[in-house]
$ cat protein_8.txt   # compact mmCIF, C-alpha atoms
# COMPACT_ATOMS: atom_id res chain seq x y z
CA MET K 356 -78.01 107.27 20.44
CA LYS K 357 -80.96 109.15 21.87
CA VAL K 358 -81.94 107.33 25.06
CA LEU K 359 -85.10 107.79 27.10
CA VAL K 360 -84.36 106.98 30.75
CA ILE K 361 -87.34 106.09 32.92
CA GLY K 362 -86.35 106.76 36.52
CA ALA K 363 -83.56 109.21 35.67
CA THR K 364 -83.86 111.00 39.02
CA GLY K 365 -83.49 107.82 41.08
CA TYR K 366 -80.39 106.27 42.61
CA ILE K 367 -79.54 103.90 39.75
CA GLY K 368 -81.23 105.98 37.07
CA SER K 369 -79.28 109.16 37.77
CA ALA K 370 -75.97 107.28 37.63
CA THR K 371 -77.04 105.60 34.39
CA ALA K 372 -78.11 108.88 32.79
CA ARG K 373 -74.74 110.45 33.67
CA LYS K 374 -72.86 107.50 32.25
CA LEU K 375 -74.83 107.54 29.01
CA ARG K 376 -74.09 111.23 28.56
CA GLN K 377 -70.39 110.66 29.32
CA ARG K 378 -70.31 108.04 26.56
CA GLY K 379 -71.71 110.51 24.06
CA HIS K 380 -75.40 109.61 24.08
CA GLU K 381 -78.23 112.11 24.25
CA VAL K 382 -80.32 111.54 27.38
CA VAL K 383 -84.03 112.26 27.64
CA ALA K 384 -85.78 111.86 30.99
CA LEU K 385 -89.34 110.64 31.42
CA ALA K 386 -91.23 112.52 34.14
CA ARG K 387 -94.81 112.86 35.28
CA GLU K 388 -94.59 116.59 34.65
CA ASP K 389 -92.19 118.94 32.88
CA ARG K 390 -89.18 119.85 35.01
CA ALA K 391 -87.35 122.98 33.99
CA GLU K 392 -84.50 122.24 36.41
CA SER K 393 -83.61 118.88 34.83
CA PRO K 394 -80.17 118.62 33.20
CA TYR K 395 -81.81 116.61 30.43
CA GLU K 396 -84.63 117.10 27.98
CA VAL K 397 -87.82 116.03 29.76
CA ARG K 398 -90.77 114.27 28.17
CA VAL K 399 -93.98 113.84 30.10
CA GLY K 400 -95.19 110.31 30.66
CA ASP K 401 -96.12 107.88 33.40
CA LEU K 402 -95.75 104.11 33.64
CA THR K 403 -99.13 103.97 35.38
CA ARG K 404 -100.65 105.58 32.27
CA PRO K 405 -99.35 103.40 29.42
CA GLU K 406 -101.10 105.52 26.81
CA THR K 407 -98.56 108.31 27.50
CA LEU K 408 -95.51 106.22 26.68
CA ALA K 409 -95.76 106.01 22.89
CA ALA K 410 -95.97 109.81 22.62
CA ALA K 411 -92.94 110.20 24.90
CA ILE K 412 -90.93 107.77 22.79
CA GLY K 413 -92.00 109.28 19.49
CA ASP K 414 -90.03 108.55 16.33
CA ASP K 415 -86.66 109.86 17.48
CA ILE K 416 -85.85 107.80 20.58
CA ASP K 417 -83.38 105.01 19.80
CA ALA K 418 -83.49 103.22 23.15
CA VAL K 419 -85.41 103.14 26.40
CA VAL K 420 -83.79 102.25 29.72
CA ASN K 421 -86.32 101.51 32.44
CA VAL K 422 -84.80 101.80 35.91
CA ALA K 423 -87.97 103.01 37.61
CA THR K 424 -89.23 101.37 40.78
CA SER K 425 -91.96 98.81 40.16
CA SER K 426 -95.47 100.01 40.85
CA GLY K 427 -96.17 96.88 42.87
CA ASP K 428 -99.20 96.22 40.67
CA ARG K 429 -98.77 93.26 38.33
CA ALA K 430 -101.38 94.34 35.81
CA ALA K 431 -100.05 97.91 35.70
CA ASP K 432 -96.46 96.80 35.17
CA GLN K 433 -97.48 94.37 32.44
CA ALA K 434 -99.50 97.07 30.68
CA ALA K 435 -96.60 99.53 30.84
CA THR K 436 -94.19 96.92 29.50
CA ALA K 437 -96.58 96.07 26.65
CA ALA K 438 -96.81 99.75 25.74
CA LEU K 439 -93.01 100.09 25.68
CA VAL K 440 -92.64 96.99 23.51
CA ASP K 441 -95.33 98.16 21.10
CA ALA K 442 -93.58 101.51 20.65
CA LEU K 443 -90.05 100.17 20.20
CA ALA K 444 -90.04 97.88 17.17
CA GLY K 445 -86.59 98.05 15.63
CA ARG K 446 -85.22 99.83 18.67
CA VAL K 447 -83.81 99.00 22.12
CA LEU K 448 -85.43 98.29 25.49
CA VAL K 449 -83.34 97.68 28.62
CA GLN K 450 -85.49 96.62 31.56
CA THR K 451 -84.51 96.36 35.23
CA SER K 452 -85.32 93.31 37.31
CA GLY K 453 -83.30 92.06 40.30
CA ILE K 454 -81.53 89.07 41.81
CA TRP K 455 -84.29 88.45 44.37
CA VAL K 456 -86.19 86.62 41.62
CA LEU K 457 -83.67 83.80 42.08
CA GLY K 458 -84.55 83.12 45.71
CA ARG K 459 -82.04 81.27 47.88
CA THR K 460 -79.25 80.05 45.61
CA GLY K 461 -76.99 77.73 47.59
CA ARG K 462 -73.28 78.15 48.19
CA GLU K 463 -71.94 78.39 44.63
CA PRO K 464 -72.63 81.43 42.40
CA VAL K 465 -75.49 80.81 39.98
CA THR K 466 -75.72 82.11 36.43
CA GLU K 467 -78.58 83.51 34.40
CA ASP K 468 -79.53 79.92 33.48
CA ALA K 469 -80.59 79.14 37.06
CA PRO K 470 -84.34 78.63 37.63
CA VAL K 471 -86.22 81.47 39.29
CA ASN K 472 -87.82 81.16 42.72
CA PRO K 473 -88.92 84.72 43.47
CA LEU K 474 -89.62 86.09 46.91
CA PRO K 475 -93.11 87.51 47.46
CA ILE K 476 -91.81 91.08 47.20
CA VAL K 477 -90.82 90.40 43.55
CA SER K 478 -93.27 87.60 42.83
CA TYR K 479 -94.30 88.66 39.32
CA ARG K 480 -91.02 90.09 38.09
CA PRO K 481 -90.19 86.89 36.19
CA LEU K 482 -93.35 87.49 34.12
CA ILE K 483 -92.12 90.98 33.24
CA GLU K 484 -88.69 89.56 32.39
CA GLN K 485 -90.23 87.06 29.97
CA GLN K 486 -92.46 89.74 28.47
CA VAL K 487 -89.41 91.87 27.70
CA LEU K 488 -87.20 89.05 26.46
CA ALA K 489 -89.98 87.77 24.17
CA ALA K 490 -90.06 91.20 22.52
CA ALA K 491 -86.93 90.12 20.64
CA GLU K 492 -89.27 88.14 18.40
CA ARG K 493 -91.03 91.40 17.53
CA GLY K 494 -87.88 93.18 16.43
CA VAL K 495 -87.02 94.84 19.74
CA ARG K 496 -83.42 94.56 20.93
CA SER K 497 -84.63 93.71 24.40
CA VAL K 498 -82.39 93.25 27.45
CA VAL K 499 -83.13 92.45 31.10
CA ILE K 500 -80.61 93.35 33.81
CA ARG K 501 -80.81 91.89 37.29
CA PRO K 502 -78.72 94.14 39.56
CA GLY K 503 -77.24 92.77 42.74
CA ILE K 504 -77.43 94.74 45.98
CA VAL K 505 -76.36 98.19 44.81
CA TYR K 506 -74.07 100.39 46.90
CA GLY K 507 -71.84 103.44 46.59
CA ASN K 508 -72.01 107.23 46.60
CA GLY K 509 -73.89 107.16 49.90
CA GLY K 510 -76.92 105.25 48.65
CA GLY K 511 -78.46 101.83 48.34
CA ILE K 512 -79.34 99.22 50.95
CA PRO K 513 -75.88 99.40 52.60
CA ALA K 514 -76.65 103.05 53.40
CA LEU K 515 -79.72 101.73 55.24
CA LEU K 516 -77.42 99.47 57.27
CA LEU K 517 -75.29 102.48 58.17
CA ASP K 518 -78.37 104.39 59.32
CA LEU K 519 -79.33 101.41 61.50
CA ALA K 520 -75.86 101.28 63.04
CA ARG K 521 -76.05 104.96 63.92
CA LYS K 522 -79.53 104.57 65.36
CA HIS K 523 -78.93 101.42 67.41
CA GLY K 524 -75.28 101.90 68.33
CA VAL K 525 -74.19 98.63 66.71
CA GLY K 526 -74.00 97.15 63.24
CA ARG K 527 -76.99 94.98 62.42
CA TYR K 528 -77.41 92.20 59.90
CA PHE K 529 -80.26 90.04 58.67
CA GLY K 530 -80.83 86.30 58.30
CA ASP K 531 -78.00 84.44 59.99
CA PRO K 532 -74.19 84.79 60.17
CA GLY K 533 -73.83 82.86 56.90
CA THR K 534 -76.02 85.19 54.85
CA ARG K 535 -74.34 86.68 51.77
CA TRP K 536 -75.35 89.38 49.32
CA PRO K 537 -74.22 89.71 45.68
CA MET K 538 -73.04 93.31 45.32
CA VAL K 539 -72.38 95.92 42.66
CA HIS K 540 -71.26 99.55 42.83
CA VAL K 541 -73.79 101.94 41.33
CA ASP K 542 -71.25 103.44 38.92
CA ASP K 543 -70.20 100.01 37.64
CA LEU K 544 -73.86 99.10 37.20
CA ALA K 545 -74.36 102.29 35.19
CA ASP K 546 -71.51 101.14 32.91
CA LEU K 547 -73.38 97.88 32.34
CA TYR K 548 -76.59 99.68 31.38
CA ALA K 549 -74.68 101.78 28.86
CA LEU K 550 -73.00 98.71 27.37
CA ALA K 551 -76.37 96.96 27.15
CA VAL K 552 -77.83 99.93 25.24
CA GLU K 553 -74.90 99.95 22.86
CA SER K 554 -74.31 96.30 22.08
CA ALA K 555 -76.28 93.65 23.98
CA PRO K 556 -77.95 91.15 21.61
CA ALA K 557 -81.72 90.92 21.51
CA GLY K 558 -83.23 88.70 24.18
CA THR K 559 -80.29 88.99 26.58
CA LEU K 560 -80.58 88.40 30.34
CA LEU K 561 -77.68 89.67 32.47
CA HIS K 562 -76.75 89.70 36.13
CA GLY K 563 -75.38 93.07 37.18
CA VAL K 564 -73.11 91.63 39.89
CA ASP K 565 -69.47 92.36 40.66
CA GLU K 566 -68.85 90.61 44.01
CA PRO K 567 -70.81 87.33 43.94
CA ALA K 568 -71.27 86.79 47.69
CA VAL K 569 -70.41 89.34 50.38
CA SER K 570 -70.89 88.48 54.06
CA VAL K 571 -73.66 90.51 55.70
CA VAL K 572 -71.80 90.18 59.01
CA ALA K 573 -68.79 91.89 57.43
CA LEU K 574 -71.04 94.60 56.01
CA ALA K 575 -72.69 95.16 59.40
CA ALA K 576 -69.31 95.33 61.16
CA ALA K 577 -68.14 97.89 58.60
CA THR K 578 -71.21 100.05 59.29
CA ASP K 579 -70.46 99.91 63.00
CA LEU K 580 -66.94 101.18 62.35
CA ALA K 581 -68.26 103.88 60.04
CA ALA K 582 -70.70 104.95 62.75
CA GLY K 583 -67.88 105.32 65.28
CA GLY K 584 -68.05 101.87 66.84
CA THR K 585 -65.51 99.10 67.22
CA GLY K 586 -66.73 96.82 64.46
CA ARG K 587 -69.47 94.93 66.25
CA ALA K 588 -72.26 93.17 64.39
CA GLU K 589 -75.39 91.67 65.87
CA LEU K 590 -78.32 89.79 64.37
CA TRP K 591 -81.49 91.83 63.99
CA LEU K 592 -84.15 89.33 64.95
CA ARG K 593 -86.71 88.71 62.25
CA PRO K 594 -89.81 89.86 64.22
CA ASP K 595 -88.16 93.18 65.12
CA ALA K 596 -86.82 93.72 61.60
CA SER K 597 -90.21 92.88 60.08
CA ALA K 598 -91.99 95.27 62.43
CA THR K 599 -89.68 98.11 61.37
CA LEU K 600 -89.15 97.40 57.66
CA GLY K 601 -92.16 95.30 56.74
CA GLU K 602 -92.05 91.52 56.49
CA PRO K 603 -91.50 91.22 52.70
CA PHE K 604 -88.49 93.56 52.73
CA ALA K 605 -87.02 92.03 55.88
CA ASP K 606 -87.33 88.56 54.33
CA ALA K 607 -85.52 89.76 51.21
CA LEU K 608 -82.66 91.20 53.26
CA ALA K 609 -82.29 87.85 55.05
CA LEU K 610 -81.87 86.01 51.73
CA ASP K 611 -78.57 84.16 51.29
CA GLN K 612 -77.39 84.34 47.69
CA ALA K 613 -74.32 83.80 45.55
CA VAL K 614 -74.72 85.13 41.99
CA SER K 615 -72.32 85.23 39.05
CA GLY K 616 -71.88 88.28 36.82
CA VAL K 617 -69.49 86.57 34.42
CA ARG K 618 -71.85 86.59 31.42
CA ALA K 619 -71.90 90.40 31.27
CA ARG K 620 -68.11 90.45 31.31
CA ASP K 621 -67.78 87.82 28.60
CA LEU K 622 -70.58 89.07 26.35
CA LEU K 623 -70.20 92.85 26.61
CA GLY K 624 -66.68 93.33 27.94
CA TRP K 625 -68.04 94.80 31.18
CA GLN K 626 -65.12 95.62 33.48
CA PRO K 627 -66.24 96.66 36.97
CA THR K 628 -63.65 98.75 38.77
CA ASP K 629 -61.72 97.02 41.55
CA ARG K 630 -64.17 97.90 44.32
CA ASP K 631 -65.02 96.36 47.67
CA ALA K 632 -68.44 96.86 49.28
CA VAL K 633 -67.11 96.33 52.81
CA ARG K 634 -64.23 98.73 52.31
CA ASP K 635 -66.56 101.29 50.74
CA LEU K 636 -68.60 101.43 53.96
CA HIS K 637 -65.49 102.20 56.01
CA ARG K 638 -65.07 105.54 54.26

$ encode --input "protein_8.txt" --output "structure tokens"
Amino acid sequence: MKVLVIGATGYIGSATARKLRQRGHEVVALAREDRAESPYEVRVGDLTRPETLAAAIGDDIDAVVNVATSSGDRAADQAATAALVDALAGRVLVQTSGIWVLGRTGREPVTEDAPVNPLPIVSYRPLIEQQVLAAAERGVRSVVIRPGIVYGNGGGIPALLLDLARKHGVGRYFGDPGTRWPMVHVDDLADLYALAVESAPAGTLLHGVDEPAVSVVALAAATDLAAGGTGRAELWLRPDASATLGEPFADALALDQAVSGVRARDLLGWQPTDRDAVRDLHR
């Protein structure tokens, strides 16, 4: 297939573009301007200018994978999504959301059938999810993926924890000692995007989660070891974390969640590699 990747230079997008190419697909990258140094064909377009998207998709693109960071503007994101849907009748759209739309989940892992209770930082993402999923009624093979906390290859939020450990001389965590994060390695997540492009049914919602609930204390202790410490972990008090990171982001990092990724395994045969987010940080 010929796949247009929106956000192909980003952390998740670059891994997804590589995986698609490895699986024999032709990757095209959307960019605000032509980039001669790109390893992929580049088409000029911008999510903040929806009128550019139809031309970028043209008649030859079979699928669009949107892994770009949200603009933070509800109207702009809705307009961009509408433009993608309008241009993709009979084709494929894979849209990125995230597990923070679920809010606090309780102790047992929740599935895609759980009600949403989004944090302010992702308050309107459920509207975008529904906009994409409803496109199935218009002939679009539409898929929404909610990644967990993504790690691996030196990136993601766990890399932020490692930077904090190096800066403060101790591993730091958010929320309380019982806080847990659903996790997924970036390369396993890229596998899921590729599988979704190839075979996910129209109107499918999937959690991109491998480990359902990883202790943030264990993650913080691992960052302390990686930074040369002895494995200490201390709570980063909410006012201090909010002052440094911004209150919406700090609140999201303090969110206790347990999320199941079983549907993606059962439906698409997704097989995440035997990875461990805590062990990964030790390296």

$ closest_atom_pairs --input "protein_8.txt" --of "region 460-515 of chain K" --to "region 543-557 of chain K" --cutoff "8 Å" --atoms "all atoms listed in the file" --output "CSV"
residue,atom,partner,partner_atom,distance
K:Leu488,CA,K:Ala557,CA,7.6
K:Ala491,CA,K:Ala557,CA,5.3
K:Val495,CA,K:Ala557,CA,6.8
K:Arg496,CA,K:Ala557,CA,4.1
K:Ser497,CA,K:Ala557,CA,5.0
K:Val498,CA,K:Ala557,CA,6.4
K:Ile500,CA,K:Tyr548,CA,7.9
K:Pro502,CA,K:Leu544,CA,7.3

$ closest_atom_pairs --input "protein_8.txt" --of "region 369-427 of chain K" --to "region 434-447 of chain K" --cutoff "7 Å" --atoms "all atoms listed in the file" --output "Markdown table"
| residue | atom | partner | partner_atom | distance |
| --- | --- | --- | --- | --- |
| K:Leu402 | CA | K:Ala435 | CA | 5.4 |
| K:Thr403 | CA | K:Ala435 | CA | 6.8 |
| K:Pro405 | CA | K:Ala435 | CA | 5.0 |
| K:Leu408 | CA | K:Ala438 | CA | 6.7 |
| K:Ala409 | CA | K:Ala442 | CA | 5.5 |
| K:Asp417 | CA | K:Arg446 | CA | 5.6 |
| K:Ala418 | CA | K:Val447 | CA | 4.4 |
| K:Val419 | CA | K:Val447 | CA | 6.2 |

$ closest_residue --input "protein_8.txt" --among "K:Val617, K:Val541, K:Leu519, K:Ala431" --to "Ala372 (chain K)" --atoms "all atoms listed in the file"
K:Val541

$ closest_residue --input "protein_8.txt" --among "K:Ile416, K:Leu448, K:Leu457, K:Val633" --to "Arg493 (chain K)" --atoms "only C-alpha atoms"
K:Leu448

$ atom_distance --input "protein_8.txt" --atom1 "CA of Gly583 (chain K)" --atom2 "CA of Arg521 (chain K)"
8.3 Å

$ closest_residue --input "protein_8.txt" --among "K:Val564, K:Leu516, K:Ala386, K:Ala363" --to "Ala582 (chain K)" --atoms "all atoms listed in the file"
K:Leu516
